[in-house]
$ cat input-v4.cif   # mmCIF, C-alpha atoms
data_work
#
loop_
_atom_site.label_atom_id
_atom_site.label_comp_id
_atom_site.auth_asym_id
_atom_site.auth_seq_id
_atom_site.Cartn_x
_atom_site.Cartn_y
_atom_site.Cartn_z
CA MET L 1 0.00 0.00 0.00
CA THR L 2 2.84 2.43 0.85
CA ARG L 3 4.50 1.86 -2.54
CA LEU L 4 1.18 2.41 -4.34
CA LEU L 5 0.61 5.75 -2.57
CA LEU L 6 4.13 6.95 -3.43
CA SER L 7 3.63 5.99 -7.08
CA LEU L 8 0.37 7.91 -7.25
CA ALA L 9 2.01 10.99 -5.65
CA ALA L 10 4.81 10.95 -8.26
CA ALA L 11 2.32 11.16 -11.14
CA LEU L 12 0.02 13.83 -9.72
CA SER L 13 -0.33 17.35 -11.19
CA VAL L 14 -0.69 19.68 -8.27
CA VAL L 15 -2.92 22.74 -8.47
CA ALA L 16 -2.53 25.38 -5.78
CA ILE L 17 -5.32 27.85 -5.17
CA VAL L 18 -4.36 30.89 -3.16
CA ALA L 19 -6.89 33.43 -1.99
CA ALA L 20 -5.59 37.01 -2.22
CA GLY L 21 -7.79 39.89 -1.03
CA THR L 22 -11.07 39.84 -2.90
CA GLY L 23 -9.66 37.86 -5.86
CA THR L 24 -8.19 34.42 -6.34
CA THR L 25 -4.82 33.57 -7.89
CA PHE L 26 -4.49 30.21 -9.64
CA SER L 27 -1.02 28.70 -10.16
CA ALA L 28 -0.60 25.33 -11.88
CA PHE L 29 2.36 23.02 -11.30
CA SER L 30 2.91 19.78 -13.14
CA GLY L 31 5.71 17.41 -14.00
CA SER L 32 7.29 14.10 -13.30
CA THR L 33 9.44 13.64 -10.25
CA ALA L 34 12.51 11.50 -9.87
CA SER L 35 13.06 12.97 -6.42
CA PRO L 36 12.95 10.41 -3.59
CA GLY L 37 10.85 12.93 -1.69
CA ASN L 38 8.44 13.42 -4.63
CA THR L 39 8.87 17.21 -4.58
CA PHE L 40 7.85 19.76 -7.22
CA ALA L 41 9.53 23.12 -8.02
CA ALA L 42 7.43 26.12 -9.00
CA ALA L 43 8.45 28.58 -11.73
CA ALA L 44 9.75 31.95 -10.51
CA SER L 45 7.01 33.85 -12.40
CA PHE L 46 3.87 33.19 -14.40
CA GLY L 47 2.23 34.81 -17.40
CA GLY L 48 5.31 36.35 -19.07
CA CYS L 49 5.27 39.68 -20.90
CA SER L 50 1.79 41.19 -20.87
CA SER L 51 2.28 43.34 -24.00
CA ALA L 52 5.19 42.23 -26.17
CA GLY L 53 5.98 44.35 -29.22
CA THR L 54 7.66 47.54 -30.41
CA VAL L 55 6.76 51.08 -29.31
CA THR L 56 8.04 54.28 -30.95
CA ALA L 57 8.99 57.00 -28.46
CA SER L 58 8.95 60.68 -29.43
CA ALA L 59 11.72 63.18 -28.74
CA ASN L 60 10.81 65.67 -26.03
CA ILE L 61 13.94 67.83 -26.42
CA ASP L 62 16.74 68.05 -29.00
CA SER L 63 19.49 70.44 -30.03
CA TRP L 64 22.96 70.58 -31.52
CA VAL L 65 26.19 72.26 -30.42
CA ASP L 66 28.92 74.02 -32.41
CA GLN L 67 32.55 74.02 -31.35
CA ALA L 68 33.24 77.15 -33.43
CA SER L 69 30.39 78.99 -31.66
CA ALA L 70 30.86 77.49 -28.22
CA GLY L 71 28.51 79.93 -26.47
CA SER L 72 25.59 79.63 -28.92
CA ASN L 73 22.40 77.60 -28.51
CA PHE L 74 20.49 75.97 -31.40
CA GLY L 75 17.57 74.43 -29.56
CA ASN L 76 14.95 76.07 -31.81
CA ASP L 77 16.51 74.83 -35.08
CA GLN L 78 14.70 72.45 -37.40
CA ILE L 79 17.89 70.45 -37.94
CA LEU L 80 20.36 68.55 -35.78
CA LYS L 81 23.85 69.04 -37.16
CA LEU L 82 26.91 66.79 -37.12
CA LYS L 83 30.23 67.97 -38.52
CA ARG L 84 33.84 66.85 -38.62
CA GLU L 85 36.55 69.33 -39.60
CA THR L 86 40.02 70.20 -38.36
CA GLY L 87 40.35 73.52 -36.56
CA SER L 88 37.85 73.19 -33.71
CA LYS L 89 34.83 73.11 -36.03
CA ALA L 90 33.01 69.99 -34.86
CA ASN L 91 29.21 69.81 -34.41
CA ARG L 92 27.31 67.32 -32.26
CA ALA L 93 23.62 66.49 -31.76
CA LEU L 94 21.72 65.80 -28.55
CA VAL L 95 18.28 64.21 -28.29
CA ARG L 96 16.16 62.89 -25.43
CA PHE L 97 12.97 60.83 -25.60
CA ASN L 98 9.95 60.23 -23.39
CA LEU L 99 10.41 56.59 -22.43
CA PRO L 100 7.18 54.55 -22.35
CA ALA L 101 6.38 52.52 -19.26
CA VAL L 102 7.62 48.93 -19.38
CA PRO L 103 4.57 46.62 -19.66
CA SER L 104 3.95 44.20 -16.80
CA GLY L 105 6.27 41.21 -16.87
CA CYS L 106 8.29 42.60 -19.80
CA THR L 107 11.88 43.69 -20.32
CA VAL L 108 13.59 45.79 -23.00
CA THR L 109 14.81 43.28 -25.59
CA GLY L 110 15.80 45.75 -28.33
CA ALA L 111 16.06 49.46 -29.10
CA SER L 112 16.93 51.55 -32.15
CA LEU L 113 17.71 55.27 -32.39
CA ARG L 114 16.64 56.65 -35.79
CA LEU L 115 17.49 60.06 -37.29
CA PHE L 116 16.48 61.18 -40.78
CA ALA L 117 18.86 63.00 -43.15
CA ALA L 118 17.60 64.47 -46.44
CA SER L 119 21.15 64.19 -47.82
CA ALA L 120 24.40 62.74 -46.54
CA SER L 121 28.16 62.66 -46.47
CA THR L 122 27.98 58.91 -46.94
CA GLY L 123 30.18 56.22 -45.46
CA ARG L 124 31.31 58.07 -42.32
CA THR L 125 31.08 56.37 -38.93
CA MET L 126 28.76 58.08 -36.44
CA GLN L 127 28.51 57.29 -32.74
CA ALA L 128 25.55 57.44 -30.35
CA PHE L 129 26.40 57.60 -26.65
CA ARG L 130 24.16 57.58 -23.60
CA ILE L 131 24.45 60.96 -21.89
CA ASN L 132 25.80 60.80 -18.36
CA PRO L 133 22.85 60.22 -15.98
CA THR L 134 24.19 62.86 -13.57
CA GLN L 135 24.44 65.61 -16.22
CA SER L 136 21.10 67.07 -17.31
CA TRP L 137 20.65 69.58 -20.13
CA THR L 138 17.90 71.76 -21.58
CA GLU L 139 16.88 72.37 -25.18
CA ASN L 140 17.32 76.14 -24.99
CA GLY L 141 20.28 76.12 -22.64
CA VAL L 142 22.75 73.58 -24.01
CA ARG L 143 25.86 74.92 -25.78
CA TRP L 144 29.22 73.47 -26.75
CA ASN L 145 30.82 74.94 -23.65
CA ASN L 146 28.33 73.34 -21.24
CA GLN L 147 27.34 70.17 -23.11
CA PRO L 148 26.87 67.06 -20.94
CA GLY L 149 29.36 64.23 -21.06
CA ALA L 150 28.85 60.79 -22.57
CA THR L 151 29.14 57.47 -20.76
CA GLY L 152 29.54 53.83 -21.73
CA THR L 153 30.23 52.26 -25.11
CA ALA L 154 29.06 53.97 -28.30
CA ALA L 155 26.60 52.46 -30.74
CA THR L 156 27.86 53.05 -34.29
CA THR L 157 26.44 53.25 -37.80
CA SER L 158 27.60 54.42 -41.22
CA SER L 159 26.08 57.66 -42.55
CA VAL L 160 23.47 57.40 -45.34
CA SER L 161 20.79 59.54 -46.93
CA GLY L 162 17.38 58.81 -45.36
CA TRP L 163 16.97 57.04 -42.03
CA ASN L 164 20.15 56.46 -40.06
CA GLN L 165 19.81 53.84 -37.34
CA TRP L 166 21.84 52.88 -34.26
CA THR L 167 21.23 49.76 -32.14
CA VAL L 168 21.05 51.20 -28.63
CA THR L 169 19.58 48.33 -26.61
CA SER L 170 22.13 48.45 -23.79
CA GLN L 171 21.93 52.25 -23.59
CA VAL L 172 18.12 52.21 -23.27
CA GLN L 173 18.21 49.41 -20.68
CA ALA L 174 20.58 51.61 -18.66
CA MET L 175 18.22 54.61 -19.05
CA TYR L 176 15.39 52.60 -17.49
CA SER L 177 17.70 51.66 -14.59
CA ALA L 178 18.95 55.19 -13.96
CA THR L 179 18.20 58.77 -15.05
CA ASN L 180 17.31 59.23 -18.73
CA ASN L 181 19.26 62.18 -20.20
CA GLY L 182 19.10 60.96 -23.79
CA PHE L 183 21.81 60.55 -26.44
CA LEU L 184 24.85 62.44 -27.69
CA VAL L 185 25.51 61.80 -31.41
CA LYS L 186 28.82 62.63 -33.11
CA PHE L 187 31.29 61.52 -35.75
CA ASP L 188 33.82 59.00 -34.45
CA VAL L 189 36.63 61.27 -35.72
CA GLU L 190 36.02 65.02 -35.63
CA THR L 191 38.90 66.17 -37.86
CA ASN L 192 39.45 66.23 -41.65
CA PRO L 193 38.36 65.00 -44.13
CA VAL L 194 35.35 67.28 -43.81
CA ALA L 195 31.92 65.65 -43.49
CA GLU L 196 28.53 67.00 -42.41
CA MET L 197 25.12 65.52 -41.61
CA GLN L 198 21.88 67.42 -41.05
CA PHE L 199 19.11 65.42 -39.40
CA HIS L 200 15.49 66.48 -39.00
CA ALA L 201 14.84 67.86 -35.51
CA ARG L 202 11.56 67.51 -33.64
CA ASN L 203 10.66 71.04 -34.86
CA LYS L 204 10.82 69.89 -38.49
CA GLY L 205 7.57 69.12 -40.29
CA SER L 206 8.18 65.38 -40.74
CA GLN L 207 10.57 62.48 -40.12
CA HIS L 208 11.17 63.45 -36.50
CA PRO L 209 13.76 61.63 -34.32
CA GLU L 210 12.55 58.21 -33.26
CA LEU L 211 13.43 55.74 -30.53
CA ARG L 212 11.94 52.32 -31.23
CA ILE L 213 11.84 50.10 -28.15
CA THR L 214 10.96 46.38 -28.26
CA PHE L 215 9.50 44.72 -25.17
CA GLY L 216 9.43 40.98 -24.65
#
$ encode --input "input-v4.cif" --output "structure tokens"
Amino acid sequence: MTRLLLSLAAALSVVAIVAAGTGTTFSAFSGSTASPGNTFAAAASFGGCSSAGTVTASANIDSWVDQASAGSNFGNDQILKLKRETGSKANRALVRFNLPAVPSGCTVTGASLRLFAASASTGRTMQAFRINPTQSWTENGVRWNNQPGATGTAATTSSVSGWNQWTVTSQVQAMYSATNNGFLVKFDVETNPVAEMQFHARNKGSQHPELRITFG
């Protein structure tokens, strides 16, 4: 009889019903057991990501800075300018996005920064850095001489006409874990040969900066 009871216990699927407040939570456990004690292990979580998919975040501030005009602000411009040229003539772009809330049970599994250029100095490497979480900036206050610093490893892409895209998954994951101050975008080398990119800013009529975030 004892052996029969143990055999039946090893084959059972156990259903636990737990009352919680005014509702009831149901958790199902099933499986075979080779354990001498006929024990079952529950999963750490149930249900998974409640709303998997990709969401496009909009820029809430953007600007660019000019090394040759270190005290000037360009926060109201319709373009975001990048430039490389010897003689302290570099330009850099800054952009920050409203990050959507992470759906229940989900994590950030991918992220892409996208900036649109009507024309291009093609084939030049451009970098996108996460801006230091301790260094905030404002659209109408940022200048070359007070620009925030970058942190971490750069995402890179090669310049093209149309949509330019950087894979920034690790940067966005870090933004959710700490303060979100956006991205600093620049050429990898800021000396000759001369190259320039002009991206549409959020003030432009179309093709605004995008941050596409995938949850899973």
$ resolve_selection --input "input-v4.cif" --expression "the PyMOL selection byres ((chain L and resi 133) around 12)" --output "list of chain:residue names"
L:Arg96, L:Phe129, L:Arg130, L:Ile131, L:Asn132, L:Thr134, L:Gln135, L:Ser136, L:Trp137, L:Pro148, L:Gly149, L:Ala150, L:Thr151, L:Gly152, L:Gln171, L:Val172, L:Ala174, L:Met175, L:Tyr176, L:Ser177, L:Ala178, L:Thr179, L:Asn180, L:Asn181, L:Gly182, L:Phe183
$ residues_around --input "input-v4.cif" --residues "range 76-82 of chain L" --least-positions-apart "2" --cutoff "6 Å" --atoms "only C-alpha atoms" --output "number ranges by chain"
L: 64, 74, 91-93, 196-201, 203-204
$ atom_distance --input "input-v4.cif" --atom1 "CA of Gly75 in chain L" --atom2 "CA of Ala117 in chain L"
17.8 Å
$ closest_residue --input "input-v4.cif" --among "L:Thr122, L:Ser104, L:Asn98, L:Thr109" --to "Ala195 in chain L" --atoms "only C-alpha atoms"
L:Thr122
$ resolve_selection --input "input-v4.cif" --expression "the PyMOL selection byres ((chain L and resi 111-115) around 10)" --output "ChimeraX atom specification"
/L:54-57,80,95,97,108-110,116-117,128,155,162-173,183,198-201,207-215
$ resolve_selection --input "input-v4.cif" --expression "the PyMOL selection byres ((chain L and resi 51) around 8)" --output "ChimeraX atom specification"
/L:49-50,52-53,103-104,106,215-216
$ atom_distance --input "input-v4.cif" --atom1 "CA of Ala68 in chain L" --atom2 "CA of Glu190 in chain L"
12.6 Å
$ residues_near_point --input "input-v4.cif" --point "(27.8, 75.7, -28.2)" --cutoff "9 Å" --atoms "only C-alpha atoms" --output "list in words"
Trp64, Val65, Asp66, Gln67, Ala68, Ser69, Ala70, Gly71, Ser72, Asn73, Phe74, Asn91, Val142, Arg143, Trp144, Asn145, Asn146 and Gln147 of chain L
$ atom_distance --input "input-v4.cif" --atom1 "CA of Thr125 in chain L" --atom2 "CA of Phe187 in chain L"
6.1 Å
$ axis_aligned_box --input "input-v4.cif" --around "range 92-107 of chain L" --padding-each-side "8 Å" --output "AutoDock Vina command-line options"
--center_x 15.6 --center_y 54.3 --center_z -24.5 --size_x 39.4 --size_y 42.1 --size_z 31.5
